[in-house]
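Below is one structure; the comments refer to it alone.
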2 protein chains.
Amino acid sequence: MAAPRTLDRTLTALADPTRRAILRRLSSGEARVTEVARPFSISLNAISKHILVLERAKLVKRRKVGRDHFISYRSEPLDAAAKWIDETRNFWASRLDTLEQLLREEDAANK
Amino acid sequence: MAAPRTLDRTLTALADPTRRAILRRLSSGEARVTEVARPFSISLNAISKHILVLERAKLVKRRKVGRDHFISYRSEPLDAAAKWIDETRNFWASRLDTLEQLLREEDAANK
DNA sequence: TTTACATTCAACCAAAAGGTTGAATATATT
DNA sequence: AATATATTCAACCTTTTGGTTGAATGTAAA
């Protein structure tokens, strides 16, 4: 099982709309930091920080070539997050079934 | 489509381990705020705030009976988050296929 | 009607988040 | 060698977050 902090980082990174937009922006492959930043109205430095957050969450990879840093998407954290969410939903689905069943039994006992 | 802020709130709420633990704690049905707080080492007030965050994200529901507030889990936000993550993963799966294909073609052209 | 209990409100605090600007660093270009 | 470009680092600011403590509120129990 991955350290829980990994999930924290993934969800925190994804919770910000600017960062989600940055990820989408990488859909055509690698992009340099300046290219990533272009469509946004905030400063290049702010984008640089967002990229760092994504990088720490392993949602992007950085490939340095000379002065250029090529940023690209990594799918693993999203896979792991999907797994966690699915497991949690399954956990709840069974719990809710059980609760519903209990209510039904209780109901039958009171008839 | 749900307002994007909804997703922000869901992911932000889920990004905190204490709040994820609180959700799990609700698996046996409703619980009063004090009951929710019991296993945690932080103050009741801190838990009360966490519950408020979960409530704003609609991850829990509150039913007031006299002085007791009964907190229970709501599944919709997690369903919506799962949907978003799946869509995003699909989006990426097709993009990555395309990129890989491009590389293969390029490779063939250079043979 | 006092007293106890469940919960929130209010004020406060330290640390983190998200932004800014300006300087530093490293690499390209002329 | 000088200049331009790409990026980060550093300092700073404001707002938010996650926590605290103490008081207020509302309800239940003695």
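Each chain of the structure tokens is named A, B, ... in the order shown, its residues numbered from 1; ligands are numbered from 1 in display order.
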
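Within 9 Å of chain A, counting only C-alpha atoms (C1' of nucleotides), chain C contributes DG18, DG19, DT20, DA26, DT27 and DA28 of chain C.
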
Residues of chain D within 10 Å of chain A, using only C-alpha atoms (C1' of nucleotides), as a ChimeraX atom specification? /D:5-8

Write the residues you've just listed into a file as a PDB file, in the first residue's frame, and include all heavy atoms for each of them.
ATOM      1  P    DT D   5      14.983  37.693 -26.002  1.00  0.00           P
ATOM      2  OP1  DT D   5      14.222  37.561 -27.253  1.00  0.00           O
ATOM      3  OP2  DT D   5      14.636  38.685 -24.952  1.00  0.00           O
ATOM      4  O5'  DT D   5      15.048  36.264 -25.311  1.00  0.00           O
ATOM      5  C5'  DT D   5      15.693  35.200 -25.979  1.00  0.00           C
ATOM      6  C4'  DT D   5      15.639  33.969 -25.101  1.00  0.00           C
ATOM      7  O4'  DT D   5      16.668  34.049 -24.085  1.00  0.00           O
ATOM      8  C3'  DT D   5      14.314  33.799 -24.361  1.00  0.00           C
ATOM      9  O3'  DT D   5      13.887  32.489 -24.617  1.00  0.00           O
ATOM     10  C2'  DT D   5      14.670  34.050 -22.895  1.00  0.00           C
ATOM     11  C1'  DT D   5      16.129  33.623 -22.865  1.00  0.00           C
ATOM     12  N1   DT D   5      17.006  34.234 -21.829  1.00  0.00           N
ATOM     13  C2   DT D   5      17.853  33.402 -21.140  1.00  0.00           C
ATOM     14  O2   DT D   5      17.919  32.199 -21.327  1.00  0.00           O
ATOM     15  N3   DT D   5      18.646  34.042 -20.219  1.00  0.00           N
ATOM     16  C4   DT D   5      18.674  35.400 -19.926  1.00  0.00           C
ATOM     17  O4   DT D   5      19.428  35.843 -19.078  1.00  0.00           O
ATOM     18  C5   DT D   5      17.753  36.207 -20.682  1.00  0.00           C
ATOM     19  C7   DT D   5      17.686  37.673 -20.449  1.00  0.00           C
ATOM     20  C6   DT D   5      16.965  35.594 -21.594  1.00  0.00           C
ATOM     21  P    DA D   6      12.592  31.851 -23.953  1.00  0.00           P
ATOM     22  OP1  DA D   6      12.010  30.880 -24.902  1.00  0.00           O
ATOM     23  OP2  DA D   6      11.778  32.942 -23.361  1.00  0.00           O
ATOM     24  O5'  DA D   6      13.251  31.042 -22.759  1.00  0.00           O
ATOM     25  C5'  DA D   6      13.914  29.807 -23.014  1.00  0.00           C
ATOM     26  C4'  DA D   6      14.048  29.051 -21.703  1.00  0.00           C
ATOM     27  O4'  DA D   6      14.954  29.794 -20.861  1.00  0.00           O
ATOM     28  C3'  DA D   6      12.732  28.924 -20.928  1.00  0.00           C
ATOM     29  O3'  DA D   6      12.602  27.567 -20.516  1.00  0.00           O
ATOM     30  C2'  DA D   6      12.880  29.887 -19.762  1.00  0.00           C
ATOM     31  C1'  DA D   6      14.387  29.983 -19.586  1.00  0.00           C
ATOM     32  N9   DA D   6      14.895  31.276 -19.110  1.00  0.00           N
ATOM     33  C8   DA D   6      14.520  32.521 -19.528  1.00  0.00           C
ATOM     34  N7   DA D   6      15.176  33.506 -18.924  1.00  0.00           N
ATOM     35  C5   DA D   6      16.046  32.843 -18.058  1.00  0.00           C
ATOM     36  C6   DA D   6      17.008  33.312 -17.141  1.00  0.00           C
ATOM     37  N6   DA D   6      17.261  34.599 -16.943  1.00  0.00           N
ATOM     38  N1   DA D   6      17.693  32.384 -16.441  1.00  0.00           N
ATOM     39  C2   DA D   6      17.441  31.084 -16.658  1.00  0.00           C
ATOM     40  N3   DA D   6      16.558  30.522 -17.490  1.00  0.00           N
ATOM     41  C4   DA D   6      15.882  31.473 -18.172  1.00  0.00           C
ATOM     42  P    DT D   7      11.291  27.082 -19.762  1.00  0.00           P
ATOM     43  OP1  DT D   7      11.167  25.637 -20.019  1.00  0.00           O
ATOM     44  OP2  DT D   7      10.156  28.002 -20.044  1.00  0.00           O
ATOM     45  O5'  DT D   7      11.714  27.280 -18.235  1.00  0.00           O
ATOM     46  C5'  DT D   7      12.804  26.526 -17.726  1.00  0.00           C
ATOM     47  C4'  DT D   7      13.301  27.087 -16.422  1.00  0.00           C
ATOM     48  O4'  DT D   7      13.730  28.460 -16.582  1.00  0.00           O
ATOM     49  C3'  DT D   7      12.278  27.199 -15.303  1.00  0.00           C
ATOM     50  O3'  DT D   7      12.296  26.005 -14.544  1.00  0.00           O
ATOM     51  C2'  DT D   7      12.767  28.367 -14.462  1.00  0.00           C
ATOM     52  C1'  DT D   7      13.921  28.934 -15.272  1.00  0.00           C
ATOM     53  N1   DT D   7      13.950  30.420 -15.270  1.00  0.00           N
ATOM     54  C2   DT D   7      14.872  31.045 -14.466  1.00  0.00           C
ATOM     55  O2   DT D   7      15.676  30.459 -13.771  1.00  0.00           O
ATOM     56  N3   DT D   7      14.824  32.427 -14.498  1.00  0.00           N
ATOM     57  C4   DT D   7      13.958  33.195 -15.249  1.00  0.00           C
ATOM     58  O4   DT D   7      14.008  34.424 -15.199  1.00  0.00           O
ATOM     59  C5   DT D   7      13.012  32.469 -16.066  1.00  0.00           C
ATOM     60  C7   DT D   7      12.013  33.207 -16.917  1.00  0.00           C
ATOM     61  C6   DT D   7      13.062  31.137 -16.034  1.00  0.00           C
ATOM     62  P    DT D   8      11.435  25.864 -13.174  1.00  0.00           P
ATOM     63  OP1  DT D   8      11.297  24.423 -12.927  1.00  0.00           O
ATOM     64  OP2  DT D   8      10.248  26.741 -13.258  1.00  0.00           O
ATOM     65  O5'  DT D   8      12.419  26.470 -12.061  1.00  0.00           O
ATOM     66  C5'  DT D   8      13.730  25.938 -11.970  1.00  0.00           C
ATOM     67  C4'  DT D   8      14.560  26.804 -11.033  1.00  0.00           C
ATOM     68  O4'  DT D   8      14.522  28.176 -11.479  1.00  0.00           O
ATOM     69  C3'  DT D   8      14.043  26.808  -9.595  1.00  0.00           C
ATOM     70  O3'  DT D   8      15.144  26.504  -8.759  1.00  0.00           O
ATOM     71  C2'  DT D   8      13.528  28.221  -9.385  1.00  0.00           C
ATOM     72  C1'  DT D   8      14.358  29.018 -10.368  1.00  0.00           C
ATOM     73  N1   DT D   8      13.741  30.286 -10.860  1.00  0.00           N
ATOM     74  C2   DT D   8      14.357  31.484 -10.598  1.00  0.00           C
ATOM     75  O2   DT D   8      15.379  31.577  -9.960  1.00  0.00           O
ATOM     76  N3   DT D   8      13.710  32.590 -11.111  1.00  0.00           N
ATOM     77  C4   DT D   8      12.541  32.606 -11.855  1.00  0.00           C
ATOM     78  O4   DT D   8      12.067  33.652 -12.268  1.00  0.00           O
ATOM     79  C5   DT D   8      11.945  31.314 -12.097  1.00  0.00           C
ATOM     80  C7   DT D   8      10.677  31.205 -12.886  1.00  0.00           C
ATOM     81  C6   DT D   8      12.559  30.233 -11.597  1.00  0.00           C
TER      82       DT D   8
END

Running DSSP on the backbone, which parts of range 24-74 of chain A land in strand (DSSP E), as a list in words? Ala31, Arg32, Val60, Lys61, Arg62, Arg63, Lys64, Val65, Asp68, His69, Phe70, Ile71, Ser72 and Tyr73 of chain A

At a cut-off of 12 Å, using only C-alpha atoms (C1' of nucleotides), what residues contact Trp84 in chain A? Leave out same-chain residues fewer than 6 positions from it and give the result as a list of chain:residue names. A:Met1, A:Ala2, A:Pro4, A:Thr6, A:Leu7, A:Asp8, A:Thr10, A:Leu11, A:Pro77, A:Leu78, A:Asn90, A:Phe91, B:Leu14, B:Ala15, B:Arg20, B:Leu78, B:Ala81, B:Ala82, B:Ile85

For the selection you just gave me, I'd like the residues written to a file as an mmCIF file, in the first residue's frame, keeping N, CA and C atoms.
data_model
loop_
_atom_site.group_PDB
_atom_site.id
_atom_site.type_symbol
_atom_site.label_atom_id
_atom_site.label_comp_id
_atom_site.auth_asym_id
_atom_site.auth_seq_id
_atom_site.Cartn_x
_atom_site.Cartn_y
_atom_site.Cartn_z
ATOM 1 N N MET A 1 0.865 -1.206 0.000
ATOM 2 C CA MET A 1 0.000 0.000 0.000
ATOM 3 C C MET A 1 0.897 1.250 0.000
ATOM 4 N N ALA A 2 0.556 2.189 -0.812
ATOM 5 C CA ALA A 2 1.342 3.426 -0.873
ATOM 6 C C ALA A 2 1.174 4.208 0.434
ATOM 7 N N PRO A 4 0.175 6.878 2.922
ATOM 8 C CA PRO A 4 -1.010 7.732 2.794
ATOM 9 C C PRO A 4 -0.662 9.147 2.360
ATOM 10 N N THR A 6 1.113 10.041 0.126
ATOM 11 C CA THR A 6 1.060 10.098 -1.331
ATOM 12 C C THR A 6 -0.327 10.515 -1.800
ATOM 13 N N LEU A 7 -1.337 9.897 -1.184
ATOM 14 C CA LEU A 7 -2.717 10.245 -1.534
ATOM 15 C C LEU A 7 -3.026 11.687 -1.167
ATOM 16 N N ASP A 8 -2.555 12.095 0.005
ATOM 17 C CA ASP A 8 -2.714 13.496 0.410
ATOM 18 C C ASP A 8 -2.202 14.421 -0.686
ATOM 19 N N THR A 10 -1.542 13.805 -3.830
ATOM 20 C CA THR A 10 -2.280 13.707 -5.085
ATOM 21 C C THR A 10 -3.564 14.528 -5.026
ATOM 22 N N LEU A 11 -4.336 14.308 -3.978
ATOM 23 C CA LEU A 11 -5.629 14.994 -3.881
ATOM 24 C C LEU A 11 -5.439 16.497 -3.715
ATOM 25 N N PRO A 77 -0.289 8.497 -10.388
ATOM 26 C CA PRO A 77 -1.041 8.988 -9.223
ATOM 27 C C PRO A 77 -2.552 8.991 -9.450
ATOM 28 N N LEU A 78 -2.956 9.323 -10.672
ATOM 29 C CA LEU A 78 -4.390 9.329 -10.945
ATOM 30 C C LEU A 78 -4.943 7.905 -10.896
ATOM 31 N N ASN A 90 -16.737 1.138 -2.731
ATOM 32 C CA ASN A 90 -17.172 -0.240 -2.491
ATOM 33 C C ASN A 90 -17.402 -0.476 -1.010
ATOM 34 N N PHE A 91 -16.445 -0.017 -0.213
ATOM 35 C CA PHE A 91 -16.571 -0.101 1.240
ATOM 36 C C PHE A 91 -17.909 0.481 1.683
ATOM 37 N N LEU B 14 -11.213 15.704 0.919
ATOM 38 C CA LEU B 14 -10.659 14.356 0.969
ATOM 39 C C LEU B 14 -9.145 14.338 1.137
ATOM 40 N N ALA B 15 -8.501 15.455 0.865
ATOM 41 C CA ALA B 15 -7.036 15.502 0.903
ATOM 42 C C ALA B 15 -6.496 15.452 2.327
ATOM 43 N N ARG B 20 -10.590 12.036 6.126
ATOM 44 C CA ARG B 20 -10.855 10.702 5.573
ATOM 45 C C ARG B 20 -11.147 9.722 6.707
ATOM 46 N N LEU B 78 -18.388 11.518 -3.698
ATOM 47 C CA LEU B 78 -17.381 10.527 -4.053
ATOM 48 C C LEU B 78 -17.709 9.909 -5.417
ATOM 49 N N ALA B 81 -16.616 12.492 -7.894
ATOM 50 C CA ALA B 81 -15.158 12.542 -7.993
ATOM 51 C C ALA B 81 -14.651 11.347 -8.792
ATOM 52 N N ALA B 82 -15.235 10.177 -8.547
ATOM 53 C CA ALA B 82 -14.837 8.973 -9.283
ATOM 54 C C ALA B 82 -15.102 9.187 -10.768
ATOM 55 N N ILE B 85 -12.443 11.523 -12.212
ATOM 56 C CA ILE B 85 -11.147 10.855 -12.335
ATOM 57 C C ILE B 85 -11.169 9.866 -13.491
#

In terms of only C-alpha atoms, the residue from B:Thr18, B:Ala93, B:Glu76, B:Thr98 at minimal distance from Ser41 in chain B is B:Thr18

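You will find CA of Glu87 in chain A at 13.9 Å from CA of Lys83 in chain B.
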
Write down as a PyMOL selection string the residues belonging to chain A that are assigned helix (DSSP H, G or I) by DSSP computed on the backbone. chain A and resi 4-14+17-28+33-37+44-56+76-109
